$ cat coords_16.txt   # compact mmCIF, C-alpha atoms
# COMPACT_ATOMS: atom_id res chain seq x y z
CA MET A 1 -35.74 25.62 -83.48
CA THR A 2 -35.21 26.96 -79.97
CA VAL A 3 -33.13 30.00 -79.12
CA THR A 4 -30.91 27.74 -77.01
CA LYS A 5 -30.17 25.52 -80.02
CA LEU A 6 -29.35 28.48 -82.24
CA GLY A 7 -27.14 30.04 -79.60
CA GLY A 8 -25.30 26.79 -79.10
CA ALA A 9 -24.74 26.39 -82.83
CA PHE A 10 -23.23 29.85 -83.17
CA ALA A 11 -21.04 29.18 -80.12
CA LEU A 12 -19.42 26.17 -81.79
CA PRO A 13 -16.96 28.15 -83.95
CA LEU A 14 -15.89 30.19 -80.95
CA ALA A 15 -15.42 27.07 -78.84
CA LEU A 16 -12.50 25.98 -81.03
CA CYS A 17 -10.47 28.76 -79.50
CA ALA A 18 -10.55 26.90 -76.19
CA ILE A 19 -8.88 23.75 -77.56
CA PRO A 20 -5.66 23.32 -75.58
CA ALA A 21 -3.65 22.36 -78.64
CA ALA A 22 -4.37 25.77 -80.09
CA ALA A 23 -3.78 27.83 -76.99
CA GLN A 24 -0.77 29.73 -78.24
CA ASP A 25 -1.65 33.36 -77.61
CA THR A 26 0.11 35.32 -80.29
CA SER A 27 -0.33 38.84 -81.54
CA SER A 28 -1.88 38.84 -85.02
CA GLU A 29 0.91 41.10 -86.24
CA GLU A 30 3.31 38.18 -85.75
CA ILE A 31 1.29 35.74 -87.87
CA ALA A 32 2.96 35.34 -91.24
CA VAL A 33 1.10 35.49 -94.55
CA THR A 34 1.68 31.84 -95.55
CA ALA A 35 -0.25 28.80 -96.74
CA LEU A 36 0.03 27.37 -93.22
CA ARG A 37 -2.20 30.03 -91.70
CA PRO A 38 -5.53 28.69 -90.42
CA ASP A 39 -7.40 31.05 -92.75
CA ALA A 40 -5.36 30.08 -95.82
CA HIS A 41 -8.43 27.96 -96.65
CA GLY A 42 -11.91 29.43 -96.80
CA PRO A 43 -14.66 28.83 -94.22
CA ALA A 44 -15.97 25.27 -93.85
CA GLY A 45 -19.05 25.99 -95.96
CA THR A 46 -17.06 26.98 -99.05
CA MET A 47 -15.68 24.84 -101.89
CA ALA A 48 -13.17 25.42 -104.71
CA ASP A 49 -11.60 28.25 -102.66
CA HIS A 50 -7.92 27.17 -102.62
CA VAL A 51 -5.27 25.39 -104.67
CA HIS A 52 -2.21 23.29 -103.80
CA LYS A 53 1.45 23.07 -104.74
CA ALA A 54 2.74 20.60 -107.33
CA GLY A 55 2.65 17.05 -105.99
CA ASP A 56 0.39 17.83 -103.01
CA LEU A 57 -2.46 15.44 -102.23
CA MET A 58 -5.29 16.47 -99.90
CA ILE A 59 -8.05 14.19 -98.63
CA GLY A 60 -10.91 15.76 -96.72
CA LEU A 61 -14.39 15.06 -95.44
CA THR A 62 -17.20 17.61 -95.18
CA TRP A 63 -20.50 17.15 -93.38
CA MET A 64 -23.31 19.62 -94.09
CA HIS A 65 -26.63 19.87 -92.26
CA GLU A 66 -29.63 22.03 -93.22
CA GLU A 67 -33.00 22.52 -91.54
CA ALA A 68 -36.24 24.06 -92.83
CA SER A 69 -39.43 24.18 -90.76
CA GLY A 70 -42.40 26.14 -89.48
CA THR A 71 -45.19 28.05 -91.13
CA ASN A 72 -44.80 27.80 -94.87
CA ARG A 73 -43.92 30.87 -96.88
CA SER A 74 -44.86 32.21 -100.30
CA GLY A 75 -42.43 34.84 -101.51
CA THR A 76 -41.43 36.78 -98.40
CA ALA A 77 -44.73 36.35 -96.51
CA ASP A 78 -46.04 33.51 -94.37
CA ILE A 79 -48.97 31.59 -95.80
CA SER A 80 -51.57 30.13 -93.45
CA ASP A 81 -52.65 26.50 -93.55
CA ALA A 82 -55.98 27.70 -94.91
CA GLY A 83 -54.08 29.43 -97.70
CA VAL A 84 -52.21 26.20 -98.48
CA VAL A 85 -55.55 24.34 -98.72
CA ALA A 86 -56.98 27.10 -100.92
CA ALA A 87 -54.01 26.59 -103.25
CA GLY A 88 -55.18 23.00 -103.80
CA PHE A 89 -53.13 20.99 -101.28
CA THR A 90 -54.25 18.62 -98.52
CA SER A 91 -50.96 18.62 -96.57
CA ARG A 92 -47.80 20.68 -96.22
CA THR A 93 -44.19 20.31 -95.11
CA LYS A 94 -43.84 20.77 -91.37
CA ALA A 95 -40.07 20.21 -91.22
CA MET A 96 -37.25 18.96 -93.42
CA THR A 97 -33.60 18.19 -92.75
CA MET A 98 -30.82 17.39 -95.19
CA ASP A 99 -27.49 15.85 -94.25
CA MET A 100 -24.71 15.47 -96.80
CA ALA A 101 -21.28 13.89 -96.44
CA MET A 102 -18.71 14.73 -99.12
CA LEU A 103 -15.30 13.14 -99.62
CA HIS A 104 -12.82 15.65 -101.11
CA VAL A 105 -9.79 14.40 -103.00
CA MET A 106 -7.53 17.15 -104.38
CA TRP A 107 -4.23 16.59 -106.22
CA ALA A 108 -1.99 19.17 -107.87
CA PRO A 109 -0.05 17.95 -110.94
CA SER A 110 1.52 21.43 -111.11
CA ASP A 111 1.60 24.68 -109.18
CA ARG A 112 -0.96 26.10 -111.57
CA VAL A 113 -3.55 23.28 -111.72
CA THR A 114 -5.32 21.40 -108.91
CA LEU A 115 -7.63 18.50 -109.79
CA MET A 116 -10.48 17.43 -107.53
CA ALA A 117 -13.13 14.73 -107.14
CA VAL A 118 -16.01 14.96 -104.66
CA PRO A 119 -18.37 11.97 -104.25
CA SER A 120 -21.26 12.46 -101.83
CA TRP A 121 -23.91 10.74 -99.71
CA GLN A 122 -27.24 12.34 -98.74
CA THR A 123 -29.95 11.68 -96.17
CA MET A 124 -33.21 13.65 -96.20
CA ASP A 125 -36.00 13.55 -93.63
CA MET A 126 -39.35 15.24 -94.18
CA THR A 127 -42.29 15.56 -91.77
CA MET A 128 -45.65 16.24 -93.43
CA LEU A 129 -48.64 17.82 -91.65
CA GLY A 130 -52.16 16.83 -92.74
CA LEU A 131 -54.48 19.76 -93.43
CA VAL A 132 -57.41 17.81 -94.90
CA THR A 133 -57.92 14.08 -94.37
CA SER A 134 -56.75 12.39 -97.56
CA ALA A 135 -54.38 9.84 -99.08
CA HIS A 136 -50.77 10.94 -98.98
CA HIS A 137 -47.98 8.90 -100.60
CA GLY A 138 -49.58 5.52 -99.85
CA HIS A 139 -51.02 6.44 -96.43
CA THR A 140 -54.15 8.11 -95.08
CA LEU A 141 -53.14 11.35 -93.40
CA ALA A 142 -55.79 12.96 -91.22
CA ALA A 143 -56.02 16.68 -90.55
CA GLY A 144 -53.59 17.57 -87.77
CA GLU A 145 -51.64 14.30 -88.05
CA THR A 146 -48.01 14.08 -89.13
CA MET A 147 -46.14 11.56 -91.24
CA GLN A 148 -42.41 11.17 -91.88
CA HIS A 149 -40.47 10.29 -95.02
CA ARG A 150 -36.79 9.39 -95.20
CA VAL A 151 -34.60 8.90 -98.26
CA SER A 152 -30.86 8.30 -98.27
CA GLY A 153 -28.27 7.20 -100.79
CA ILE A 154 -25.35 8.13 -102.99
CA GLY A 155 -25.55 11.68 -104.31
CA ASP A 156 -24.03 13.19 -107.43
CA THR A 157 -20.23 13.29 -107.87
CA GLN A 158 -18.31 16.44 -108.72
CA VAL A 159 -15.06 16.35 -110.69
CA GLY A 160 -13.09 19.30 -112.01
CA ALA A 161 -10.02 21.49 -112.03
CA LEU A 162 -8.96 24.71 -110.33
CA VAL A 163 -6.52 26.93 -112.23
CA SER A 164 -4.39 29.39 -110.28
CA LEU A 165 -4.16 32.68 -112.19
CA SER A 166 -2.19 34.29 -109.36
CA ARG A 167 -0.54 32.58 -106.38
CA ASN A 168 0.41 35.71 -104.47
CA PRO A 169 -0.91 35.16 -100.90
CA ARG A 170 -1.92 38.81 -100.69
CA LEU A 171 -4.05 38.47 -103.85
CA SER A 172 -4.73 35.03 -105.32
CA VAL A 173 -7.07 34.41 -108.26
CA ILE A 174 -8.61 31.00 -108.94
CA ALA A 175 -10.77 29.97 -111.90
CA GLY A 176 -12.63 26.70 -111.55
CA MET A 177 -14.56 24.44 -113.89
CA GLY A 178 -16.28 21.32 -112.66
CA VAL A 179 -18.79 18.78 -113.85
CA SER A 180 -21.46 17.18 -111.67
CA VAL A 181 -21.86 13.54 -112.68
CA PRO A 182 -25.41 12.22 -112.04
CA THR A 183 -24.43 9.27 -109.86
CA GLY A 184 -27.34 9.86 -107.46
CA SER A 185 -30.70 8.21 -108.00
CA VAL A 186 -33.78 10.09 -109.20
CA GLN A 187 -35.92 6.93 -109.19
CA ARG A 188 -36.83 6.72 -105.50
CA LYS A 189 -40.50 5.89 -104.83
CA ASP A 190 -42.88 5.73 -101.87
CA ALA A 191 -44.90 2.78 -100.56
CA ASP A 192 -47.66 3.49 -103.09
CA GLY A 193 -45.23 3.08 -106.00
CA ASN A 194 -45.23 6.78 -106.86
CA PHE A 195 -42.14 8.99 -106.98
CA VAL A 196 -41.13 10.78 -103.79
CA HIS A 197 -41.16 14.59 -103.67
CA TYR A 198 -38.75 16.11 -106.21
CA GLY A 199 -36.51 17.49 -103.47
CA MET A 200 -36.22 14.09 -101.76
CA GLN A 201 -34.33 12.45 -104.64
CA PRO A 202 -30.63 11.94 -103.72
CA GLY A 203 -29.43 12.96 -107.19
CA SER A 204 -30.18 15.64 -109.76
CA GLY A 205 -30.55 13.28 -112.72
CA THR A 206 -28.64 15.64 -115.03
CA TRP A 207 -25.07 16.39 -116.04
CA ASP A 208 -24.29 19.87 -114.71
CA LEU A 209 -21.50 22.39 -115.33
CA LEU A 210 -19.97 24.09 -112.28
CA PRO A 211 -17.94 27.20 -113.14
CA SER A 212 -16.50 29.32 -110.32
CA PHE A 213 -14.24 32.33 -109.84
CA THR A 214 -12.52 33.17 -106.56
CA LEU A 215 -10.47 36.13 -105.31
CA ARG A 216 -8.51 35.64 -102.07
CA GLY A 217 -6.30 37.94 -100.05
CA THR A 218 -4.38 37.75 -96.77
CA GLU A 219 -2.75 40.41 -94.65
CA GLU A 220 -1.02 40.08 -91.29
CA GLN A 221 -4.17 40.91 -89.34
CA PHE A 222 -6.96 39.58 -91.55
CA GLY A 223 -7.92 37.63 -94.65
CA TRP A 224 -10.75 37.98 -97.15
CA GLY A 225 -12.40 36.16 -100.02
CA LEU A 226 -14.96 36.70 -102.77
CA GLN A 227 -16.42 33.91 -104.87
CA ALA A 228 -19.07 33.55 -107.56
CA SER A 229 -20.24 30.11 -108.70
CA TYR A 230 -22.98 28.71 -110.90
CA VAL A 231 -24.73 25.37 -111.39
CA PHE A 232 -25.80 25.08 -115.02
CA ARG A 233 -28.07 22.14 -115.77
CA ALA A 234 -26.66 20.92 -119.07
CA GLU A 235 -29.65 18.71 -119.92
CA ASP A 236 -33.30 19.61 -120.44
CA ARG A 237 -34.55 16.52 -118.61
CA GLY A 238 -33.19 13.71 -116.48
CA PRO A 239 -34.22 10.04 -116.71
CA SER A 240 -37.30 10.70 -114.52
CA GLY A 241 -38.52 13.52 -116.76
CA PHE A 242 -37.48 16.64 -114.82
CA ARG A 243 -34.49 18.78 -113.93
CA PHE A 244 -33.75 21.11 -111.06
CA GLY A 245 -33.28 24.84 -111.64
CA ASP A 246 -29.95 26.54 -112.26
CA ARG A 247 -28.31 28.02 -109.15
CA PHE A 248 -26.15 31.12 -108.75
CA VAL A 249 -24.19 31.70 -105.54
CA ALA A 250 -22.14 34.78 -104.57
CA THR A 251 -20.30 34.77 -101.26
CA GLY A 252 -17.78 36.94 -99.43
CA TRP A 253 -15.95 36.47 -96.16
CA LEU A 254 -13.56 38.11 -93.74
CA SER A 255 -11.25 36.13 -91.45
CA ARG A 256 -8.96 37.00 -88.58
CA PRO A 257 -6.22 34.75 -87.18
CA VAL A 258 -6.27 34.88 -83.39
CA THR A 259 -3.34 32.50 -82.86
CA HIS A 260 -0.94 30.63 -85.15
CA ALA A 261 -3.47 27.78 -85.22
CA VAL A 262 -6.94 29.35 -84.94
CA SER A 263 -8.84 31.85 -87.05
CA LEU A 264 -12.39 33.20 -86.91
CA SER A 265 -14.50 34.14 -89.93
CA THR A 266 -17.74 35.83 -90.88
CA ARG A 267 -19.45 35.32 -94.24
CA LEU A 268 -22.44 36.49 -96.30
CA THR A 269 -23.91 34.32 -99.08
CA TRP A 270 -26.51 35.19 -101.72
CA THR A 271 -28.26 32.27 -103.46
CA ASP A 272 -30.62 32.50 -106.43
CA GLU A 273 -32.10 29.19 -107.64
CA GLY A 274 -34.74 28.45 -110.26
CA ASP A 275 -37.72 26.15 -109.87
CA VAL A 276 -38.01 22.58 -111.16
CA LYS A 277 -38.51 22.19 -114.91
CA GLY A 278 -40.31 19.33 -116.64
CA HIS A 279 -42.45 16.76 -114.89
CA TYR A 280 -42.15 13.25 -113.46
CA ASN A 281 -42.69 10.75 -116.30
CA ALA A 282 -44.38 8.11 -114.12
CA GLY A 283 -46.79 7.95 -111.18
CA HIS A 284 -46.50 10.78 -108.65
CA ASN A 285 -48.63 12.70 -106.16
CA HIS A 286 -49.91 16.27 -106.03
CA ALA A 287 -51.11 16.35 -102.44
CA ALA A 288 -48.46 18.71 -101.01
CA PRO A 289 -46.43 21.72 -102.21
CA PRO A 290 -43.16 19.72 -102.63
CA ASP A 291 -45.01 17.53 -105.18
CA ARG A 292 -45.24 20.53 -107.55
CA GLN A 293 -42.35 21.95 -109.57
CA ALA A 294 -43.14 25.63 -108.93
CA ASN A 295 -42.53 25.22 -105.19
CA TYR A 296 -38.73 25.02 -105.41
CA GLY A 297 -35.99 27.62 -105.54
CA GLY A 298 -35.98 31.31 -104.77
CA GLN A 299 -33.55 33.86 -103.33
CA ARG A 300 -31.85 33.80 -99.93
CA LEU A 301 -29.21 35.77 -98.04
CA ASP A 302 -27.36 33.86 -95.30
CA ALA A 303 -25.01 35.14 -92.60
CA ALA A 304 -22.43 32.78 -91.08
CA LEU A 305 -19.80 32.57 -88.35
CA GLY A 306 -16.97 30.07 -88.54
CA SER A 307 -13.58 29.01 -87.27
CA ASN A 308 -10.60 27.16 -88.76
CA LEU A 309 -8.03 25.20 -86.79
CA THR A 310 -4.68 23.79 -87.94
CA LEU A 311 -3.09 20.81 -86.20
CA GLY A 312 0.57 20.80 -87.19
CA GLU A 313 1.35 21.29 -90.88
CA THR A 314 -0.89 18.56 -92.32
CA MET A 315 -4.28 18.63 -90.54
CA ARG A 316 -7.09 21.18 -90.73
CA LEU A 317 -10.47 21.42 -89.03
CA GLY A 318 -13.18 23.92 -89.89
CA ILE A 319 -16.69 24.59 -88.61
CA GLU A 320 -19.30 27.12 -89.69
CA ALA A 321 -22.91 27.88 -88.72
CA SER A 322 -25.31 30.07 -90.70
CA LEU A 323 -28.75 31.62 -90.45
CA PRO A 324 -30.88 33.20 -93.20
CA VAL A 325 -31.41 36.95 -92.91
CA PHE A 326 -33.62 37.22 -96.02
CA GLN A 327 -35.70 34.68 -97.97
CA ARG A 328 -37.94 35.08 -101.01
CA LEU A 329 -39.22 31.60 -101.85
CA ASN A 330 -40.84 30.40 -105.06
CA GLY A 331 -44.33 29.01 -104.63
CA ILE A 332 -45.05 27.53 -101.18
CA GLN A 333 -42.17 26.20 -99.08
CA PRO A 334 -40.98 25.93 -95.46
CA PRO A 335 -38.35 28.62 -94.74
CA ARG A 336 -34.73 27.71 -94.06
CA ARG A 337 -33.94 27.91 -90.34
CA PHE A 338 -30.35 26.86 -89.88
CA ALA A 339 -27.32 25.27 -91.56
CA THR A 340 -23.92 24.10 -90.39
CA SER A 341 -20.78 22.63 -91.97
CA LEU A 342 -17.93 20.65 -90.46
CA GLN A 343 -14.77 19.97 -92.45
CA VAL A 344 -11.59 18.00 -91.72
CA SER A 345 -8.69 17.47 -94.12
CA ARG A 346 -5.16 16.13 -94.23
CA MET A 347 -2.27 16.78 -96.58
CA PHE A 348 -0.07 13.96 -97.88
$ encode --input "coords_16.txt" --output "structure tokens"
Amino acid sequence: MTVTKLGGAFALPLALCAIPAAAQDTSSEEIAVTALRPDAHGPAGTMADHVHKAGDLMIGLTWMHEEASGTNRSGTADISDAGVVAAGFTSRTKAMTMDMAMLHVMWAPSDRVTLMAVPSWQTMDMTMLGLVTSAHHGHTLAAGETMQHRVSGIGDTQVGALVSLSRNPRLSVIAGMGVSVPTGSVQRKDADGNFVHYGMQPGSGTWDLLPSFTLRGTEEQFGWGLQASYVFRAEDRGPSGFRFGDRFVATGWLSRPVTHAVSLSTRLTWTDEGDVKGHYNAGHNHAAPPDRQANYGGQRLDAALGSNLTLGETMRLGIEASLPVFQRLNGIQPPRRFATSLQVSRMF
């Protein structure tokens, strides 16, 4: 990714400040600590970070984009193409993108409990680079040549509840418990009839538990949040014979309202994910690192900038862009380069 592209991505959150509808210059000391503040919700890349009042219905849409590319990495060090071949592979991932659209439906039957349902759609594109001339997923891939894969479809669906343990705007506490329903396919295959790479399947194939715990606080001049969440794979194997690794995420953010309608935020996120367990139970390839279970997961620290915008009392818009500042990858993988999230929601 070019420096220009990265600079432009990080400029997007700041650009919201120039929207005419939000151009109400107001001292931050005059911005009340209320649920109508732009930073009353977390940054666009967060979930399960806020609750609603009894009877409130919120419908939102989130789009997430991730990119990984470049020289592959093993642990924290780059691994040469010769090293990838020495590890037993004839090709490697040159670039991969993932786009996910999530529909958020949140309804509060009481002030204490907010229910939510989040169906999703995923599209994944992967470009493979041949290192040794060989067959690759139904095609002959020569050394130096590239080949693209694309898979898209319905992803898994999250349902759950958020329980407000404290609704004080200056210190709110939210406990969440969700379930990921395996509505996404794990049966996608290539032209040769073999399964696609594990990470190219739209679904997880397993029922997963999604506990979370969030602390939020707001003051006149700033807001803050801390959240820990976990993805626990509740089954040993999915219908295709494997399961993804558990994932732990810890994140913290600071926000500052700059007008009644616009806030800026900065966030750090630590992710620790295990590798793939089990094995495909039908035909599959072993030509490239993403065909092997050990080449998934790892640890990563991301830094993000974001902005939230309110439009009246019912509409919200959020955008966030992030870059990794540390990566320790399991096995052999392309490093993460960039991610962004865009979120829009309306209250009814």
$ residues_around --input "coords_16.txt" --residues "stretch 184-198 of chain A" --least-positions-apart "4" --cutoff "10 Å" --atoms "all atoms listed in the file" --output "MDAnalysis selection string"
chainID A and resid 119:122 126 136:139 149:157 202:206 238:244 276 279:286 288:293 295:296
$ atom_distance --input "coords_16.txt" --atom1 "atom CA of A:Ser255" --atom2 "atom CA of A:Thr269"
14.9 Å
$ residues_near_point --input "coords_16.txt" --point "(-49.6, 19.5, -94.0)" --cutoff "8 Å" --atoms "only C-alpha atoms" --output "list in words"
Asp81, Thr90, Ser91, Arg92, Thr93, Lys94, Met128, Leu129, Gly130, Leu131, Ala143, Gly144, Thr146 and Ala288 of chain A
$ atom_distance --input "coords_16.txt" --atom1 "atom CA of A:Gly223" --atom2 "atom CA of A:Leu57"
24.1 Å
$ residues_near_point --input "coords_16.txt" --point "(-16.6, 16.7, -110.4)" --cutoff "8 Å" --atoms "all atoms listed in the file" --output "list in words"
Met116, Ala117, Val118, Pro119, Thr157, Gln158, Val159, Gly160, Gly178, Val179, Ser180 and Val181 of chain A
$ atom_distance --input "coords_16.txt" --atom1 "atom CA of A:Ala54" --atom2 "atom CA of A:Met106"
11.2 Å
$ closest_residue --input "coords_16.txt" --among "A:Pro257, A:Gly217, A:Gly331, A:Gly55" --to "A:Gly306" --atoms "all atoms listed in the file"
A:Pro257
